[in-house]
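Novice: Have a look at this one.
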Amino acid sequence: MALRCRWSVRRWAARLAAARRPLFTETGVWEELTDAERLAAERRWLDVVSDPGSAARPDADLTGSAYVLAMFPYPSGRLHMGHVRVYAISDAVARFHRLLGKQVVHPMGWDAFGLPAENAALERGLAPDRWTRQNIGHMRGQLRRMAAAFDWDRELATCQPDYYRWTQWLFLRLHRAGLVYRRQALVNWDPADGTVLADEQVDARGRSWRSGALVERRLLRQWFVRTTRFSERLLRSLDSPELRDWRDVIQLQRHWIGPCDGWRFELQVERCDPDDSAPPPEPLLLWVADPARLPVAAFIALRPEHPLAAGAAERTGLAARCPASGRRLPLLVSARLAYPEGADALLCDAADGPEAARLAGLLAEDGRPPPGPPLTAAEVVARGGGYRCSSHLHDWLISRQRYWGTPIPVVHCARCGAVPLPESRLPVTLPALPEQRVPGRSPLQAATDWLNTQCPSCGGPAQRETDTMDTFVDSSWYYLRFLDARYERAPFRPQQVNRHLPVDIYVGGKEHAVLHLYYARFMHHFLRAEGLVAAEEPFARLLVQGQVMGQSYQVTETGRYLPADQVTTTDSGDVVCAEDGRPVTVQWEKMSKSKHNGVDPAGVMDQLGADTMRLLMLATVAPTSSRRWSQDTFPPLLAWQRRLWLTVGELVRPAAGAGAPSAAELARHEAQMREERNYFVRTVTHNFQETHQLSVAISRLQGLTTALRRRPAWYRALGGEYQRALGDLIIMCSPVMPCLCAEMWAGFCAASRHGHPEHRLDLTVMQQRWPAVDADALLELVVELNGQQAATVCLPRRQLDALTEPEALRLARAQPALARHAAGAAAAGQLLLQPGLGALLRLSTEHRRPPDDDDPARREVLRQRQERKAAKKERRQQRRLRKAEREER
């Protein structure tokens, strides 16, 4: 309690000092950079830098567009350090592209439906919509406080009827395309939360990932989306040249989708007894490796837990009709057959092993007719409507038995069955949350006034569907709505979204590498098949940020986590529990309330300001790596801030008696400064634009600061290139520290004696243009031969930017290192040009001899070699996938 009181007093004192601290823009006096000065700069500039419209120039001539998207958050009510990291990254990248003169789309919204909000609201005696609105308001203010410049005019929340109306519209569109169906399924049931869980939401112990309850298996009628129908195109599109920086996410997606080495068919099921008046059974989903076996098979085996098995020992009394030949295939039950991975049905005949032969013998006494004439696999697929997919990939189960979700726009009529609503009756809005709830049933079943309605087909009485949709449906298309957020006649206008798609940079956590990205890709491919979007893939580049780790203290004996103030260090250096002296294990883990290792971003901002928190989050560690949050990393970065601030202050208040150098000495320093400026501009631009290694960019910015400060005092007062480089440094720092850079830019403009044409001293730092390498500066054409760097050719930028492949090939062959390869080098190379940064020319001298068709032995050797290579590659890939899956779990 005492620690919390001291922390509160410190916050209050810092805010009071900031309120009284004058700034240069207010007094004309440049003070030393302190915590109070940081907070005063934030107070002065926060509203300006948080408005993306403030970056517009009066002479705006936009050179292109950039869609920078961070995965939108669940509105829990408070930002945590994981939020800070993802939005600091996306905001820095968005600001960089605005400085390039692009029209930038950088929106923010809320993934607002879901069971956590429903449960949290009920615990507090509030309605979920009220609880969610409160949380959104609070988090919106926190995002503004961290100086993130989002397009708030595009803001959306998935719980708003004007959003989920179009989620329902997409459901109807999928239904009309034959991609939505409802059937009995054995599902994971969370008895504590009273809802269905996906397989991925059940841990290795069989417990719910959220409530911790032991999961039950229940047979329920559920809604599914036939995502497997798009398996082959989703798998093939992973090779699209549009995808950049997907790295191991591609492998995770491939593993999730599977090899698409078989076909899935939907078979109608009939009762063998013609006098049985029971309703017809549901269709059977069957995966087969060879479709040609379907018309001639003896029977179909089911696992005992299959819904159609219905507790049968062996015979089910059911038969499936082959969609290609019309033959009836009996359904038999067995747990002893080798079913394909993830499948619960198997096509069999007597040749499939002893168990299959035994089951086939049961049918011999029935005098079954022999199979008809064989059909080819193309014939079977064409007649039966099969489609390629893997055996383990299942369709998307979207039913959830909860209140706080998008209502499914279907009514159930005794005469007409399940009837989709017409689009004119959308949205189906949620009623007030019923006070009476029946455990194990959807809360909406108690909303009788809402539940009872009219069938749109026959006009008779009907009841609404009481399941709501999985929140992944809401988040599968939100990137499209951001681009046309206020349009009321459709979810979006194709001409509007196609201007910006695919998303140029998508920032988010690796935990979404499979499920969210898979569902979003499916929805995009479906909409593309419907002619509503043009891009092949929704997201061009991924920037998958690592987790923020905090130091945790765990009692070694019991595993109980302790707060930092409940541990102490002995004289021997061991960490122990302060209460009883038991040994404590110290480790770095993902920040979590339960582990007492989280850090409140508000406290950091109150003490050091939003800019400094952003800098601490972005520096020293690449965005894709885990970030260990430790105060040990603070001093070097705070010291750099002070050096940069001091450098601007020295321009504002030049030292007296600098002296008058010779013209030759001035020219020498100008040339050196020009060369250093070009180097740092090129490397910082490369790290912002090409690699997104923001920590390396910050390191280069620190290097430019050092280069400026080691120049003599007289040159800092007189050098035109020095002032140009200092102005460029402030501009390049502004995506990371916008408030401090806005104040430094104001001081720079007031003190600048050698205004450079590139700098608009009458505009703010947000309205400047990102610095560019000089036209006569030397850039590198790197030549690779067979994957190894073989030569480097230095060219002026103006020549390199206009380089063609034939000219690059001529320059490469003129290099001594490549002379001996001239005869065997490829006639053409692959030129990768990055204007203003450099170029890469890839050459190859490898000429593999094709296999001799007349030499079977040689063909066999080559085949075996290729198989060994493929097997080795597959083993490596599987090891990476298992490691990634363990980390994701």
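Here's how to read the names in the structure tokens: chain A, B, ... by the order shown, residue numbers from 1 in each chain, ligand numbers from 1 in the order shown.
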Write down as a VMD selection string the residues of stretch 709-816 of chain A whose backbone DSSP state falls under helix (DSSP H, G or I).
Specialist: chain A and resid 709 713 to 718 720 to 733 738 to 751 765 to 767 797 to 801 805 to 813 816
Novice: Tell me which protein, DNA and RNA residues are within 8 Å of A:Leu701, counting only C-alpha atoms, leaving out same-chain ones fewer than 2 positions away, and put them as a ChimeraX atom specification.
Specialist: /A:680,684,697-699,703-705,729,732-733
Novice: Got time to write the residues from that selection, N, CA and C atoms, as a PDB file, in the first residue's frame?
Specialist:
ATOM      1  N   PHE A 680      23.015   7.939 -43.322  1.00  0.00           N
ATOM      2  CA  PHE A 680      22.007   7.707 -42.298  1.00  0.00           C
ATOM      3  C   PHE A 680      20.598   7.817 -42.858  1.00  0.00           C
ATOM      4  N   VAL A 684      18.218   4.547 -42.431  1.00  0.00           N
ATOM      5  CA  VAL A 684      16.978   4.692 -41.660  1.00  0.00           C
ATOM      6  C   VAL A 684      15.769   4.431 -42.553  1.00  0.00           C
ATOM      7  N   ALA A 697      16.500   1.227 -36.942  1.00  0.00           N
ATOM      8  CA  ALA A 697      16.343   2.611 -37.386  1.00  0.00           C
ATOM      9  C   ALA A 697      16.644   3.579 -36.246  1.00  0.00           C
ATOM     10  N   ILE A 698      16.160   3.270 -35.049  1.00  0.00           N
ATOM     11  CA  ILE A 698      16.434   4.137 -33.900  1.00  0.00           C
ATOM     12  C   ILE A 698      17.921   4.151 -33.590  1.00  0.00           C
ATOM     13  N   SER A 699      18.577   3.008 -33.727  1.00  0.00           N
ATOM     14  CA  SER A 699      20.027   2.965 -33.517  1.00  0.00           C
ATOM     15  C   SER A 699      20.754   3.846 -34.528  1.00  0.00           C
ATOM     16  N   GLY A 703      23.077   7.183 -34.124  1.00  0.00           N
ATOM     17  CA  GLY A 703      24.358   7.383 -34.793  1.00  0.00           C
ATOM     18  C   GLY A 703      24.459   8.730 -35.476  1.00  0.00           C
ATOM     19  N   LEU A 704      23.376   9.180 -36.090  1.00  0.00           N
ATOM     20  CA  LEU A 704      23.394  10.503 -36.719  1.00  0.00           C
ATOM     21  C   LEU A 704      23.523  11.598 -35.662  1.00  0.00           C
ATOM     22  N   THR A 705      22.891  11.407 -34.512  1.00  0.00           N
ATOM     23  CA  THR A 705      23.044  12.379 -33.419  1.00  0.00           C
ATOM     24  C   THR A 705      24.504  12.488 -32.997  1.00  0.00           C
ATOM     25  N   LEU A 729      17.166  14.884 -39.120  1.00  0.00           N
ATOM     26  CA  LEU A 729      17.147  14.010 -37.952  1.00  0.00           C
ATOM     27  C   LEU A 729      15.859  14.190 -37.154  1.00  0.00           C
ATOM     28  N   MET A 732      13.024  12.520 -39.037  1.00  0.00           N
ATOM     29  CA  MET A 732      13.073  11.055 -39.010  1.00  0.00           C
ATOM     30  C   MET A 732      12.782  10.498 -37.620  1.00  0.00           C
ATOM     31  N   CYS A 733      12.982  11.288 -36.569  1.00  0.00           N
ATOM     32  CA  CYS A 733      12.639  10.850 -35.217  1.00  0.00           C
ATOM     33  C   CYS A 733      11.155  11.005 -34.925  1.00  0.00           C
TER      34      CYS A 733
END
Novice: Fewer than 3 positions away in the same chain doesn't count, so skip those; otherwise give me all residues within 8 Å of stretch 447-450 of chain A, counting only C-alpha atoms, as JSON, numbers by chain.
Specialist: {"A": [431, 432, 433, 434, 443, 444, 453, 464]}
Novice: Find the spatial neighbours of stretch 152-166 of chain A, counting only C-alpha atoms, within a cut-off of 10 Å - ignore same-chain residues fewer than 5 positions away - and output them as a ChimeraX atom specification.
Specialist: /A:51-52,72,74-75,105-114,128-129,132-133,136,140,171-172,404-407,409,423,425-430,471,473-475,477-478,481-492
Novice: When you look at A:Gly598 with a cut-off of 10 Å (counting only C-alpha atoms), what residues show up, excluding the ones that are within fewer than 2 positions of it in the same chain? I need them as an mmCIF file with N, CA and C atoms, in the first residue's frame.
Specialist:
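Final file, result12.cif:
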data_model
loop_
_atom_site.group_PDB
_atom_site.id
_atom_site.type_symbol
_atom_site.label_atom_id
_atom_site.label_comp_id
_atom_site.auth_asym_id
_atom_site.auth_seq_id
_atom_site.Cartn_x
_atom_site.Cartn_y
_atom_site.Cartn_z
ATOM 1 N N HIS A 80 -2.901 -2.608 -22.097
ATOM 2 C CA HIS A 80 -1.746 -3.248 -21.485
ATOM 3 C C HIS A 80 -0.545 -3.067 -22.401
ATOM 4 N N MET A 81 0.607 -3.520 -21.969
ATOM 5 C CA MET A 81 1.831 -3.259 -22.721
ATOM 6 C C MET A 81 1.832 -3.941 -24.094
ATOM 7 N N VAL A 548 5.408 -8.876 -25.015
ATOM 8 C CA VAL A 548 6.081 -8.066 -24.013
ATOM 9 C C VAL A 548 6.190 -8.916 -22.750
ATOM 10 N N MET A 549 7.409 -9.109 -22.300
ATOM 11 C CA MET A 549 7.672 -9.990 -21.170
ATOM 12 C C MET A 549 7.976 -9.179 -19.915
ATOM 13 N N GLY A 550 7.486 -9.669 -18.817
ATOM 14 C CA GLY A 550 7.792 -9.071 -17.521
ATOM 15 C C GLY A 550 8.479 -10.089 -16.637
ATOM 16 N N GLN A 551 9.221 -9.613 -15.656
ATOM 17 C CA GLN A 551 9.919 -10.519 -14.749
ATOM 18 C C GLN A 551 8.943 -11.017 -13.693
ATOM 19 N N SER A 552 8.833 -12.342 -13.583
ATOM 20 C CA SER A 552 7.901 -12.941 -12.632
ATOM 21 C C SER A 552 8.670 -13.668 -11.538
ATOM 22 N N PRO A 563 4.011 -10.980 -6.082
ATOM 23 C CA PRO A 563 4.383 -9.639 -6.553
ATOM 24 C C PRO A 563 5.839 -9.342 -6.200
ATOM 25 N N GLU A 589 8.373 -13.860 -18.402
ATOM 26 C CA GLU A 589 7.166 -14.448 -18.960
ATOM 27 C C GLU A 589 6.275 -13.347 -19.518
ATOM 28 N N LYS A 590 5.329 -13.758 -20.359
ATOM 29 C CA LYS A 590 4.359 -12.805 -20.895
ATOM 30 C C LYS A 590 3.642 -12.113 -19.750
ATOM 31 N N MET A 591 3.501 -10.790 -19.873
ATOM 32 C CA MET A 591 2.862 -10.030 -18.808
ATOM 33 C C MET A 591 1.441 -10.521 -18.575
ATOM 34 N N SER A 592 1.110 -10.661 -17.273
ATOM 35 C CA SER A 592 -0.195 -11.185 -16.911
ATOM 36 C C SER A 592 -0.535 -10.732 -15.503
ATOM 37 N N LYS A 593 -1.812 -10.419 -15.259
ATOM 38 C CA LYS A 593 -2.251 -10.063 -13.914
ATOM 39 C C LYS A 593 -2.018 -11.208 -12.947
ATOM 40 N N SER A 594 -2.293 -12.432 -13.394
ATOM 41 C CA SER A 594 -2.174 -13.578 -12.493
ATOM 42 C C SER A 594 -0.729 -13.836 -12.086
ATOM 43 N N LYS A 595 0.208 -13.365 -12.897
ATOM 44 C CA LYS A 595 1.628 -13.573 -12.585
ATOM 45 C C LYS A 595 2.262 -12.356 -11.922
ATOM 46 N N HIS A 596 1.466 -11.312 -11.706
ATOM 47 C CA HIS A 596 1.931 -10.098 -11.023
ATOM 48 C C HIS A 596 3.153 -9.486 -11.702
ATOM 49 N N ASP A 600 1.652 -1.090 -15.818
ATOM 50 C CA ASP A 600 0.558 -0.243 -16.274
ATOM 51 C C ASP A 600 1.114 0.851 -17.183
ATOM 52 N N PRO A 601 0.723 0.875 -18.468
ATOM 53 C CA PRO A 601 1.230 1.927 -19.353
ATOM 54 C C PRO A 601 0.909 3.330 -18.849
ATOM 55 N N TRP A 629 10.590 -6.053 -20.640
ATOM 56 C CA TRP A 629 10.398 -4.702 -20.105
ATOM 57 C C TRP A 629 11.183 -4.579 -18.806
#
Novice: So that I can check the surroundings of stretch 302-307 of chain A, please list as a list of chain:residue names every protein, DNA and RNA residue that reaches within 7 Å of it, counting only C-alpha atoms and ignoring chain neighbours fewer than 6 positions away.
Specialist: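 Those residues are A:Gln184, A:Ala185, A:Leu186, A:Leu331, A:Leu332, A:Val333, A:Ser334, A:Ala335, A:Asp344, A:Ala345, A:Leu346.
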Novice: Residues as selected, N, CA, C and O atoms, written as a short mmCIF file (atom, residue, chain, number, x, y, z; two decimals), in the first residue's frame, can you do that?
Specialist:
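What ended up in result_20.cif:
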data_model
loop_
_atom_site.label_atom_id
_atom_site.label_comp_id
_atom_site.auth_asym_id
_atom_site.auth_seq_id
_atom_site.Cartn_x
_atom_site.Cartn_y
_atom_site.Cartn_z
N GLN A 184 -26.09 -31.86 -36.87
CA GLN A 184 -25.68 -32.35 -35.56
C GLN A 184 -24.16 -32.54 -35.55
O GLN A 184 -23.57 -33.01 -36.52
N ALA A 185 -23.54 -32.17 -34.45
CA ALA A 185 -22.10 -32.32 -34.34
C ALA A 185 -21.73 -32.56 -32.90
O ALA A 185 -22.37 -32.04 -31.98
N LEU A 186 -20.69 -33.35 -32.71
CA LEU A 186 -20.15 -33.56 -31.38
C LEU A 186 -19.19 -32.42 -31.08
O LEU A 186 -18.18 -32.25 -31.77
N LEU A 331 -23.76 -48.10 -43.70
CA LEU A 331 -22.93 -47.45 -42.70
C LEU A 331 -22.74 -48.41 -41.53
O LEU A 331 -23.71 -48.82 -40.89
N LEU A 332 -21.48 -48.77 -41.26
CA LEU A 332 -21.13 -49.68 -40.18
C LEU A 332 -20.23 -48.96 -39.20
O LEU A 332 -19.54 -47.99 -39.55
N VAL A 333 -20.21 -49.45 -37.97
CA VAL A 333 -19.47 -48.78 -36.89
C VAL A 333 -18.29 -49.64 -36.48
O VAL A 333 -18.44 -50.85 -36.26
N SER A 334 -17.12 -48.99 -36.36
CA SER A 334 -15.92 -49.69 -35.89
C SER A 334 -14.94 -48.69 -35.34
O SER A 334 -14.74 -47.62 -35.93
N ALA A 335 -14.31 -49.06 -34.23
CA ALA A 335 -13.26 -48.22 -33.64
C ALA A 335 -11.88 -48.75 -33.99
O ALA A 335 -10.87 -48.14 -33.59
N ASP A 344 -13.80 -38.95 -39.31
CA ASP A 344 -14.60 -39.88 -38.51
C ASP A 344 -15.42 -40.82 -39.38
O ASP A 344 -16.33 -41.50 -38.91
N ALA A 345 -15.11 -40.87 -40.69
CA ALA A 345 -15.76 -41.80 -41.62
C ALA A 345 -14.71 -42.30 -42.60
O ALA A 345 -13.76 -41.59 -42.95
N LEU A 346 -14.87 -43.57 -43.05
CA LEU A 346 -13.85 -44.20 -43.90
C LEU A 346 -14.53 -45.06 -44.95
O LEU A 346 -15.40 -45.88 -44.64
#
Novice: Within stretch 131-162 of chain A, find each residue whose DSSP state, derived from the backbone, is strand (DSSP E or B), and express the selection as a PyMOL selection string.
Specialist: chain A and resi 151-157
Novice: Counting only C-alpha atoms, what is within 8 Å of stretch 673-676 of chain A, bar same-chain residues fewer than 3 positions away, as a VMD selection string?
Specialist: chain A and resid 669 to 670 679 to 680 704 707 721 to 722 725 777
Novice: For atom CA of A:Thr569 and atom CA of A:Phe634, quote the distance in Å rounded to one decimal.
Specialist: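 Straight-line distance from atom CA of A:Thr569 to atom CA of A:Phe634 works out to 22.8 Å.
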Novice: At what distance in Å, to one decimal, does atom CA of A:Thr683 lie from atom CA of A:Ala812?
Specialist: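 Interatomic distance, atom CA of A:Ala812 to atom CA of A:Thr683: 23.7 Å.
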Novice: Nearest residue to A:Thr612 out of A:Asn687, A:Asn188, A:Ser734, A:Asn678, using only C-alpha atoms?
Specialist: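 Ranking A:Asn687, A:Asn188, A:Ser734, A:Asn678 by distance to A:Thr612, first place goes to A:Ser734.
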Novice: Report, in Å with one decimal, the straight-line distance from atom CA of A:Gly459 to atom CA of A:Arg182.
Specialist: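 Result for atom CA of A:Gly459 versus atom CA of A:Arg182: 22.5 Å, one decimal.
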